[in-house]
file coords30.txt (compact mmCIF, C-alpha atoms and all ligand atoms)
# COMPACT_ATOMS: atom_id res chain seq x y z
CA MET T 1 25.07 -23.24 -4.05
CA THR T 2 22.77 -24.38 -6.79
CA ASN T 3 19.98 -21.85 -6.76
CA LYS T 4 21.26 -18.29 -6.65
CA LYS T 5 18.49 -15.84 -5.89
CA ILE T 6 18.22 -12.07 -5.93
CA TRP T 7 17.20 -10.68 -2.55
CA PHE T 8 15.84 -7.17 -1.91
CA VAL T 9 15.97 -6.09 1.73
CA THR T 10 14.60 -2.88 3.27
CA GLY T 11 16.08 -1.27 6.38
CA ALA T 12 19.50 -2.83 5.83
CA GLY T 13 21.63 -0.23 7.64
CA ARG T 14 20.94 -1.34 11.21
CA GLY T 15 19.26 -4.16 13.07
CA MET T 16 18.14 -7.51 11.68
CA GLY T 17 18.17 -6.19 8.09
CA VAL T 18 21.98 -6.22 8.26
CA ASP T 19 21.90 -9.90 9.27
CA PHE T 20 19.49 -10.72 6.46
CA VAL T 21 21.82 -9.16 3.87
CA LYS T 22 24.94 -10.81 5.29
CA ALA T 23 23.29 -14.24 5.52
CA ALA T 24 21.94 -14.06 1.97
CA LEU T 25 25.36 -13.06 0.60
CA ALA T 26 27.08 -15.79 2.62
CA ALA T 27 24.60 -18.33 1.20
CA GLY T 28 25.67 -17.32 -2.32
CA HIS T 29 22.76 -15.10 -3.23
CA ALA T 30 22.91 -11.58 -4.68
CA VAL T 31 21.40 -8.81 -2.58
CA VAL T 32 19.96 -5.36 -3.05
CA GLY T 33 20.51 -3.81 0.36
CA THR T 34 18.41 -0.69 0.81
CA GLY T 35 18.15 2.00 3.43
CA ARG T 36 17.59 5.68 4.09
CA ASP T 37 21.35 6.18 4.49
CA THR T 38 23.31 4.28 1.84
CA ASP T 39 26.65 4.93 3.56
CA ALA T 40 25.30 3.28 6.71
CA VAL T 41 24.09 0.29 4.69
CA ALA T 42 27.43 -0.09 2.89
CA LYS T 43 29.34 0.19 6.16
CA ALA T 44 27.11 -2.29 7.96
CA VAL T 45 26.98 -5.03 5.34
CA GLY T 46 30.45 -4.76 3.78
CA GLU T 47 31.41 -5.07 0.12
CA SER T 48 30.62 -7.78 -2.38
CA ASP T 49 30.29 -8.10 -6.15
CA ASP T 50 26.88 -9.60 -5.40
CA LEU T 51 25.71 -6.55 -3.45
CA LEU T 52 23.96 -3.43 -4.71
CA VAL T 53 23.29 -0.71 -2.15
CA VAL T 54 20.36 1.55 -3.01
CA LYS T 55 18.72 4.48 -1.24
CA LEU T 56 15.21 3.70 -0.11
CA ASP T 57 13.03 5.38 2.46
CA VAL T 58 10.03 3.05 2.38
CA THR T 59 7.64 5.95 2.90
CA SER T 60 8.55 7.21 -0.60
CA ARG T 61 6.79 5.52 -3.50
CA ALA T 62 9.16 7.24 -5.94
CA GLU T 63 12.22 5.87 -4.13
CA ALA T 64 10.65 2.41 -4.03
CA GLU T 65 10.14 2.46 -7.79
CA ALA T 66 13.64 3.80 -8.43
CA ALA T 67 15.18 1.17 -6.14
CA VAL T 68 13.35 -1.64 -7.93
CA ARG T 69 14.48 -0.25 -11.31
CA ALA T 70 18.08 -0.16 -10.06
CA ALA T 71 17.76 -3.75 -8.80
CA VAL T 72 16.43 -5.02 -12.12
CA ASP T 73 19.02 -3.03 -14.10
CA ARG T 74 21.78 -4.68 -12.11
CA PHE T 75 20.52 -8.22 -11.51
CA GLY T 76 17.65 -8.63 -14.00
CA ARG T 77 15.15 -9.94 -11.46
CA ILE T 78 14.00 -9.96 -7.82
CA ASP T 79 13.31 -13.34 -6.20
CA VAL T 80 12.97 -12.54 -2.51
CA LEU T 81 11.64 -9.28 -1.07
CA VAL T 82 12.08 -8.76 2.66
CA ASN T 83 9.87 -5.98 4.04
CA ASN T 84 11.89 -5.34 7.17
CA ALA T 85 12.25 -1.57 7.73
CA GLY T 86 10.61 -0.50 10.94
CA ASN T 87 10.40 1.71 13.98
CA PHE T 88 8.37 1.78 17.16
CA PHE T 89 6.02 4.51 18.38
CA ALA T 90 5.39 3.43 21.96
CA GLY T 91 2.80 4.89 24.27
CA TYR T 92 -0.82 4.85 25.30
CA PHE T 93 -3.22 5.44 22.43
CA GLU T 94 -4.51 8.68 23.99
CA GLU T 95 -0.99 9.99 24.46
CA LEU T 96 0.19 9.21 20.94
CA THR T 97 -0.63 12.07 18.59
CA PRO T 98 -2.56 11.37 15.39
CA GLU T 99 0.63 12.37 13.53
CA GLN T 100 2.67 9.77 15.42
CA ILE T 101 0.11 7.10 14.62
CA GLU T 102 0.19 8.09 10.94
CA ARG T 103 3.98 7.89 10.95
CA GLN T 104 3.86 4.43 12.55
CA LEU T 105 1.37 3.17 9.98
CA GLY T 106 3.31 5.01 7.26
CA THR T 107 6.48 3.04 7.91
CA LEU T 108 5.28 -0.39 9.01
CA LEU T 109 2.18 -0.79 6.85
CA ILE T 110 2.13 1.71 3.99
CA GLY T 111 5.93 1.46 3.65
CA ALA T 112 5.76 -2.29 3.09
CA MET T 113 2.91 -1.74 0.63
CA ASN T 114 4.92 0.90 -1.28
CA VAL T 115 7.86 -1.43 -1.79
CA THR T 116 5.72 -4.46 -2.60
CA ARG T 117 3.68 -2.44 -5.12
CA ALA T 118 6.93 -1.59 -6.90
CA VAL T 119 8.26 -5.17 -6.80
CA LEU T 120 5.10 -7.06 -7.80
CA PRO T 121 5.19 -6.25 -11.55
CA VAL T 122 8.69 -7.73 -11.67
CA MET T 123 7.62 -10.90 -9.85
CA ARG T 124 4.46 -11.25 -11.95
CA ARG T 125 6.56 -11.01 -15.11
CA GLN T 126 8.86 -13.68 -13.74
CA ARG T 127 5.87 -15.79 -12.62
CA SER T 128 7.84 -16.37 -9.42
CA GLY T 129 8.91 -14.60 -6.25
CA HIS T 130 8.71 -14.68 -2.49
CA ILE T 131 7.50 -11.75 -0.40
CA ILE T 132 8.49 -11.86 3.26
CA SER T 133 7.11 -9.26 5.66
CA ILE T 134 8.53 -8.94 9.13
CA SER T 135 5.56 -8.56 11.43
CA SER T 136 5.80 -9.11 15.20
CA THR T 137 4.06 -10.91 18.04
CA ALA T 138 2.17 -7.61 18.09
CA GLY T 139 0.73 -8.69 14.74
CA ILE T 140 -1.01 -11.55 16.56
CA VAL T 141 -1.90 -10.03 19.92
CA GLY T 142 -2.25 -6.45 21.11
CA PHE T 143 -0.26 -5.10 24.06
CA ALA T 144 -0.81 -1.99 26.18
CA PHE T 145 1.58 0.82 25.14
CA CYS T 146 1.79 -0.74 21.64
CA SER T 147 -1.53 0.26 20.10
CA ALA T 148 -0.08 2.07 17.08
CA TYR T 149 2.57 -0.57 16.52
CA ALA T 150 0.08 -3.44 16.87
CA ALA T 151 -2.42 -1.67 14.61
CA SER T 152 0.28 -1.42 11.95
CA LYS T 153 1.37 -5.04 12.28
CA PHE T 154 -2.23 -6.35 12.36
CA GLY T 155 -2.81 -4.30 9.21
CA LEU T 156 0.33 -5.74 7.65
CA GLU T 157 -0.94 -9.25 8.34
CA GLY T 158 -4.45 -8.68 6.94
CA TRP T 159 -2.91 -7.19 3.83
CA MET T 160 -0.36 -10.01 3.46
CA GLU T 161 -2.94 -12.76 3.95
CA SER T 162 -5.17 -11.22 1.29
CA LEU T 163 -2.27 -10.53 -1.05
CA GLN T 164 -1.19 -14.15 -0.78
CA GLN T 165 -4.42 -15.26 -2.43
CA GLU T 166 -4.18 -12.58 -5.09
CA VAL T 167 -0.63 -13.35 -6.23
CA ALA T 168 -0.45 -17.13 -5.75
CA PRO T 169 -1.77 -17.69 -9.32
CA PHE T 170 1.40 -15.97 -10.59
CA GLY T 171 3.74 -18.31 -8.71
CA ILE T 172 4.40 -15.74 -5.97
CA THR T 173 4.51 -16.93 -2.36
CA THR T 174 4.27 -14.88 0.81
CA THR T 175 5.51 -15.36 4.35
CA ILE T 176 4.58 -13.41 7.47
CA VAL T 177 7.38 -13.58 10.06
CA ASN T 178 6.41 -13.02 13.70
CA PRO T 179 9.60 -12.44 15.67
CA GLY T 180 9.58 -12.37 19.45
CA PHE T 181 12.17 -10.14 21.08
CA PHE T 182 15.41 -10.05 19.06
CA ARG T 183 18.58 -8.21 20.03
CA THR T 184 18.53 -5.25 17.60
CA GLU T 185 18.38 -1.47 17.90
CA LEU T 186 14.56 -1.28 17.83
CA LEU T 187 14.36 -0.16 21.46
CA GLU T 188 17.23 2.34 21.09
CA PRO T 189 16.48 6.08 20.77
CA ALA T 190 17.16 6.06 17.01
CA SER T 191 14.22 3.69 16.48
CA VAL T 192 11.74 4.22 19.30
CA THR T 193 9.60 7.32 19.85
CA TYR T 194 7.66 7.55 23.09
CA GLY T 195 4.33 9.36 23.35
CA GLU T 196 4.23 12.69 25.15
CA PRO T 197 3.01 12.48 28.75
CA SER T 198 -0.20 14.49 28.66
CA ILE T 199 -2.91 12.68 30.66
CA GLU T 200 -2.59 12.42 34.42
CA ASP T 201 -4.71 9.26 34.61
CA TYR T 202 -1.90 7.35 32.88
CA ALA T 203 0.97 8.79 34.95
CA ALA T 204 1.62 5.84 37.24
CA SER T 205 1.23 3.05 34.68
CA ARG T 206 3.13 5.09 32.07
CA ALA T 207 6.12 5.31 34.40
CA ASP T 208 6.08 1.51 34.81
CA GLN T 209 5.80 0.96 31.07
CA LEU T 210 8.64 3.35 30.28
CA LYS T 211 10.88 1.72 32.85
CA TRP T 212 10.08 -1.74 31.47
CA TRP T 213 10.59 -0.89 27.80
CA LYS T 214 13.82 1.03 28.39
CA ALA T 215 15.18 -1.90 30.40
CA GLN T 216 14.48 -4.40 27.59
CA SER T 217 17.01 -3.01 25.13
CA GLY T 218 20.02 -5.30 25.23
CA LEU T 219 18.12 -8.05 27.06
CA GLN T 220 16.20 -9.49 24.10
CA PRO T 221 16.78 -13.26 23.87
CA GLY T 222 16.60 -13.64 20.08
CA ASP T 223 19.72 -13.72 17.90
CA PRO T 224 19.08 -11.87 14.62
CA ALA T 225 21.87 -13.83 12.90
CA LYS T 226 19.98 -17.06 13.65
CA LEU T 227 16.74 -15.51 12.44
CA ALA T 228 18.55 -14.64 9.22
CA GLN T 229 19.63 -18.29 8.86
CA ALA T 230 16.02 -19.33 9.39
CA LEU T 231 14.98 -17.05 6.53
CA ILE T 232 17.64 -18.61 4.30
CA ARG T 233 16.12 -21.99 5.10
CA ILE T 234 12.49 -21.09 4.51
CA THR T 235 13.28 -19.28 1.25
CA SER T 236 14.95 -22.42 -0.05
CA GLU T 237 11.91 -24.59 0.57
CA GLN T 238 9.74 -25.75 -2.29
CA GLN T 239 6.65 -24.51 -0.44
CA PRO T 240 7.68 -21.77 1.97
CA PRO T 241 5.44 -21.34 5.04
CA ARG T 242 2.80 -18.63 4.93
CA ARG T 243 3.72 -17.79 8.50
CA PHE T 244 6.89 -18.30 10.49
CA ILE T 245 6.64 -17.64 14.22
CA ALA T 246 10.19 -16.90 15.30
CA GLY T 247 11.44 -17.48 18.83
CA ALA T 248 10.27 -19.47 21.84
CA ASP T 249 8.71 -16.32 23.35
CA ALA T 250 6.72 -15.74 20.15
CA ILE T 251 5.51 -19.35 20.09
CA ALA T 252 4.30 -19.11 23.70
CA LEU T 253 2.32 -15.94 22.91
CA ALA T 254 0.84 -17.42 19.74
CA GLU T 255 -0.20 -20.63 21.52
CA GLN T 256 -1.86 -18.61 24.28
CA HIS T 257 -3.64 -16.57 21.62
CA VAL T 258 -4.96 -19.70 19.90
CA ALA T 259 -6.22 -21.00 23.27
CA ASP T 260 -7.85 -17.63 24.04
CA LEU T 261 -9.52 -17.57 20.64
CA GLN T 262 -10.84 -21.12 21.14
CA ALA T 263 -12.21 -20.14 24.56
CA GLN T 264 -13.86 -17.03 23.08
CA ILE T 265 -15.48 -19.15 20.36
CA ALA T 266 -16.66 -21.76 22.87
CA ALA T 267 -18.07 -19.19 25.33
CA TYR T 268 -20.61 -17.87 22.81
CA ARG T 269 -20.94 -20.68 20.29
CA GLU T 270 -24.68 -21.10 20.95
CA LEU T 271 -25.48 -17.40 20.71
CA SER T 272 -23.23 -17.00 17.71
CA THR T 273 -24.74 -19.88 15.77
CA SER T 274 -28.28 -18.62 16.41
CA LEU T 275 -27.90 -15.50 14.28
CA ALA T 276 -28.88 -16.73 10.82
CA LEU T 277 -32.06 -15.52 9.14
CA ASP T 278 -35.02 -17.72 10.08
CA ASP T 279 -35.88 -18.11 6.40
CA PRO T 280 -32.78 -19.63 4.73
CA ALA T 281 -34.08 -18.55 1.33
CA LEU T 282 -33.35 -14.98 2.39
CA ALA T 283 -29.76 -15.84 3.40
CA GLY T 284 -27.15 -14.44 1.06
CA SER T 285 -23.38 -14.22 1.18
CA THR T 286 -21.75 -15.39 4.40
CA ARG T 287 -18.97 -12.80 4.13
N1 LIG W 1 13.84 -6.53 17.30
C1 LIG W 1 12.71 -7.08 17.69
O1 LIG W 1 12.60 -7.57 18.84
C2 LIG W 1 11.55 -7.15 16.78
C3 LIG W 1 10.45 -7.92 17.16
C4 LIG W 1 9.36 -8.00 16.31
C5 LIG W 1 9.39 -7.37 15.09
N2 LIG W 1 10.48 -6.62 14.73
C6 LIG W 1 10.44 -5.96 13.43
O2 LIG W 1 11.66 -6.22 12.77
C7 LIG W 1 11.89 -5.22 11.78
C8 LIG W 1 13.32 -4.74 11.88
O3 LIG W 1 13.50 -4.08 13.11
P1 LIG W 1 14.83 -4.20 13.96
O4 LIG W 1 14.49 -4.91 15.21
O5 LIG W 1 15.95 -4.66 13.13
O6 LIG W 1 14.99 -2.65 14.35
P2 LIG W 1 16.19 -1.63 14.21
O7 LIG W 1 17.45 -2.24 14.73
O8 LIG W 1 15.70 -0.39 14.85
O9 LIG W 1 16.34 -1.42 12.65
C9 LIG W 1 15.30 -0.79 11.95
C10 LIG W 1 15.75 -0.58 10.52
O10 LIG W 1 14.65 -0.02 9.79
C11 LIG W 1 15.12 1.13 9.11
N3 LIG W 1 14.07 2.12 8.86
C12 LIG W 1 13.27 2.79 9.74
N4 LIG W 1 12.44 3.60 9.09
C13 LIG W 1 12.70 3.44 7.76
C14 LIG W 1 12.17 4.01 6.58
N5 LIG W 1 11.18 4.93 6.60
N6 LIG W 1 12.69 3.60 5.39
C15 LIG W 1 13.67 2.70 5.34
N7 LIG W 1 14.23 2.14 6.41
C16 LIG W 1 13.75 2.51 7.62
C17 LIG W 1 16.21 1.68 10.00
O11 LIG W 1 17.03 2.55 9.24
P3 LIG W 1 17.58 3.98 9.79
O12 LIG W 1 18.96 3.67 10.27
O13 LIG W 1 17.53 4.84 8.58
O14 LIG W 1 16.65 4.42 10.88
C18 LIG W 1 16.91 0.41 10.43
O15 LIG W 1 17.78 -0.05 9.42
C19 LIG W 1 10.84 -4.13 12.03
O16 LIG W 1 9.79 -4.27 11.10
C20 LIG W 1 10.34 -4.45 13.44
O17 LIG W 1 9.03 -3.99 13.65
C21 LIG W 1 11.54 -6.49 15.55

call {"tool": "encode", "arguments": {"input": "coords30.txt", "output": "structure tokens"}}
result
Amino acid sequence: MTNKKIWFVTGAGRGMGVDFVKAALAAGHAVVGTGRDTDAVAKAVGESDDLLVVKLDVTSRAEAEAAVRAAVDRFGRIDVLVNNAGNFFAGYFEELTPEQIERQLGTLLIGAMNVTRAVLPVMRRQRSGHIISISSTAGIVGFAFCSAYAASKFGLEGWMESLQQEVAPFGITTTIVNPGFFRTELLEPASVTYGEPSIEDYAASRADQLKWWKAQSGLQPGDPAKLAQALIRITSEQQPPRRFIAGADAIALAEQHVADLQAQIAAYRELSTSLALDDPALAGSTR
């Protein structure tokens, strides 16, 4: 182990966050393992002199700032931030309440922003750092019954891609991770909230969706311990990837999406390229 780094992981009490902490410790790094329930985090990841467990509900900006202060007090720096904490509000858009949609965005999008906002001054001071945000295949393509979740993950990706350009001058790199289905607790009752059945038009398809989603828990092909090893590898690279699509299922979806996008471009290329002002002198910004 030549290059010991300080990791900061959100949602480290259950699911893939536990694997991220364990893998980083096993690779010789120091880790700030955070979660809403610090006892659960400590129990899940075990003890180590290189581990600091800190309370952090990512929806709290104050807790994010306090957790970052605690991390810097203990280890002096933060090299790798993993925005991992998440949950899943599943249901048809019309059957998810506005409050449920706000809570979904609040955890997956605003939560990641809260933690990153607290960490960035540390990384800018260091002139180095690596921000990893766990997105999803639903950050690349939308799925029925996942509108709130996909909206959050698409938002996360737009934010991350923009942030990348803003912080690169300070030596900070970013990576979006798009996992396919991994065997965690995300589809268990503690993590998933289903919309309330309220619209008869959706009754039949809702029943199919519920049956499908409930059957997936425990069947996911991805091994979170292997995903954690993949993160160890990409964080050790000189130029980490801006995106890491994780899992054969995720690659298949992404490839289909690229093909669909190409077909959509091709179908209307002529119409699309005919939209410029006739007088080029009047043409301004292309944005
Ligand atoms: N598993 C998959 O197939 C899959 C696929 C694509 C993307 N992802 C993404 O992977 C990430 C991790 O999910 P997972 O699969 O490991 O799910 P999980 O097993 O349900 O674990 C979710 C973790 O997030 C924590 N969490 C939830 N809300 C939080 C909050 N407000 N503040 C802090 N921590 C919070 C949970 O802590 P509590 O114990 O306190 O609830 C738990 O530790 C999520 O961003 C998810 O969207 C997962």

call {"tool": "residues_near_ligand", "arguments": {"input": "coords30.txt", "ligand": "ligand LIG 1 (chain W)", "cutoff": "6 Å", "atoms": "all atoms listed in the file", "output": "VMD selection string"}}
result
chain T and resid 10 to 17 35 to 37 56 to 59 84 to 87 107 134 to 136 179 to 186 191

call {"tool": "residues_around", "arguments": {"input": "coords30.txt", "residues": "Ile245 of chain T", "least_positions_apart": "4", "cutoff": "7 Å", "atoms": "all atoms listed in the file", "output": "ChimeraX atom specification"}}
result
/T:177-179,250-251

call {"tool": "residues_around", "arguments": {"input": "coords30.txt", "residues": "Ser152 of chain T", "least_positions_apart": "5", "cutoff": "7 Å", "atoms": "all atoms listed in the file", "output": "ChimeraX atom specification"}}
result
/T:104-105,108-109

call {"tool": "atom_distance", "arguments": {"input": "coords30.txt", "atom1": "atom CA of Val119 of chain T", "atom2": "atom CA of Ala62 of chain T"}}
result
12.5 Å

call {"tool": "axis_aligned_box", "arguments": {"input": "coords30.txt", "around": "segment 123-127 of chain T", "padding_each_side": "3 Å", "output": "lines of an AutoDock Vina configuration file"}}
result
center_x = 6.7
center_y = -13.3
center_z = -12.5
size_x = 10.4
size_y = 10.9
size_z = 11.3

call {"tool": "atom_distance", "arguments": {"input": "coords30.txt", "atom1": "atom CA of Glu157 of chain T", "atom2": "atom CA of Leu253 of chain T"}}
result
16.4 Å

call {"tool": "residues_near_point", "arguments": {"input": "coords30.txt", "point": "(15.1, -7.2, -13.7)", "cutoff": "10 Å", "atoms": "all atoms listed in the file", "output": "PyMOL selection string"}}
result
chain T and resi 6+68-79+119+122-123+125-126

call {"tool": "write_last_selection", "arguments": {"input": "coords30.txt", "atoms": "C-alpha atoms", "output": "JSON list (two decimals), in the frame of the given file"}}
result
[["chain", "number", "residue", "atom", "x", "y", "z"],
["T", 6, "ILE", "CA", 18.22, -12.07, -5.93],
["T", 68, "VAL", "CA", 13.35, -1.64, -7.93],
["T", 69, "ARG", "CA", 14.48, -0.25, -11.31],
["T", 70, "ALA", "CA", 18.08, -0.16, -10.06],
["T", 71, "ALA", "CA", 17.76, -3.75, -8.80],
["T", 72, "VAL", "CA", 16.43, -5.02, -12.12],
["T", 73, "ASP", "CA", 19.02, -3.03, -14.10],
["T", 74, "ARG", "CA", 21.78, -4.68, -12.11],
["T", 75, "PHE", "CA", 20.52, -8.22, -11.51],
["T", 76, "GLY", "CA", 17.65, -8.63, -14.00],
["T", 77, "ARG", "CA", 15.15, -9.94, -11.46],
["T", 78, "ILE", "CA", 14.00, -9.96, -7.82],
["T", 79, "ASP", "CA", 13.31, -13.34, -6.20],
["T", 119, "VAL", "CA", 8.26, -5.17, -6.80],
["T", 122, "VAL", "CA", 8.69, -7.73, -11.67],
["T", 123, "MET", "CA", 7.62, -10.90, -9.85],
["T", 125, "ARG", "CA", 6.56, -11.01, -15.11],
["T", 126, "GLN", "CA", 8.86, -13.68, -13.74]]

call {"tool": "residues_near_point", "arguments": {"input": "coords30.txt", "point": "(15.7, -22.3, 3.1)", "cutoff": "12 Å", "atoms": "all atoms listed in the file", "output": "list in words"}}
result
Met1, Asn3, Lys4, Lys5, Ala23, Ala24, Ala27, His29, Val80, His130, Leu227, Ala228, Gln229, Ala230, Leu231, Ile232, Arg233, Ile234, Thr235, Ser236, Glu237, Gln238, Gln239, Pro240 and Pro241 of chain T

call {"tool": "residues_around", "arguments": {"input": "coords30.txt", "residues": "Phe88 of chain T", "least_positions_apart": "5", "cutoff": "12 Å", "atoms": "all atoms listed in the file", "output": "ChimeraX atom specification"}}
result
/T:96,100-101,103-108,136,138,145-153,185-195,213
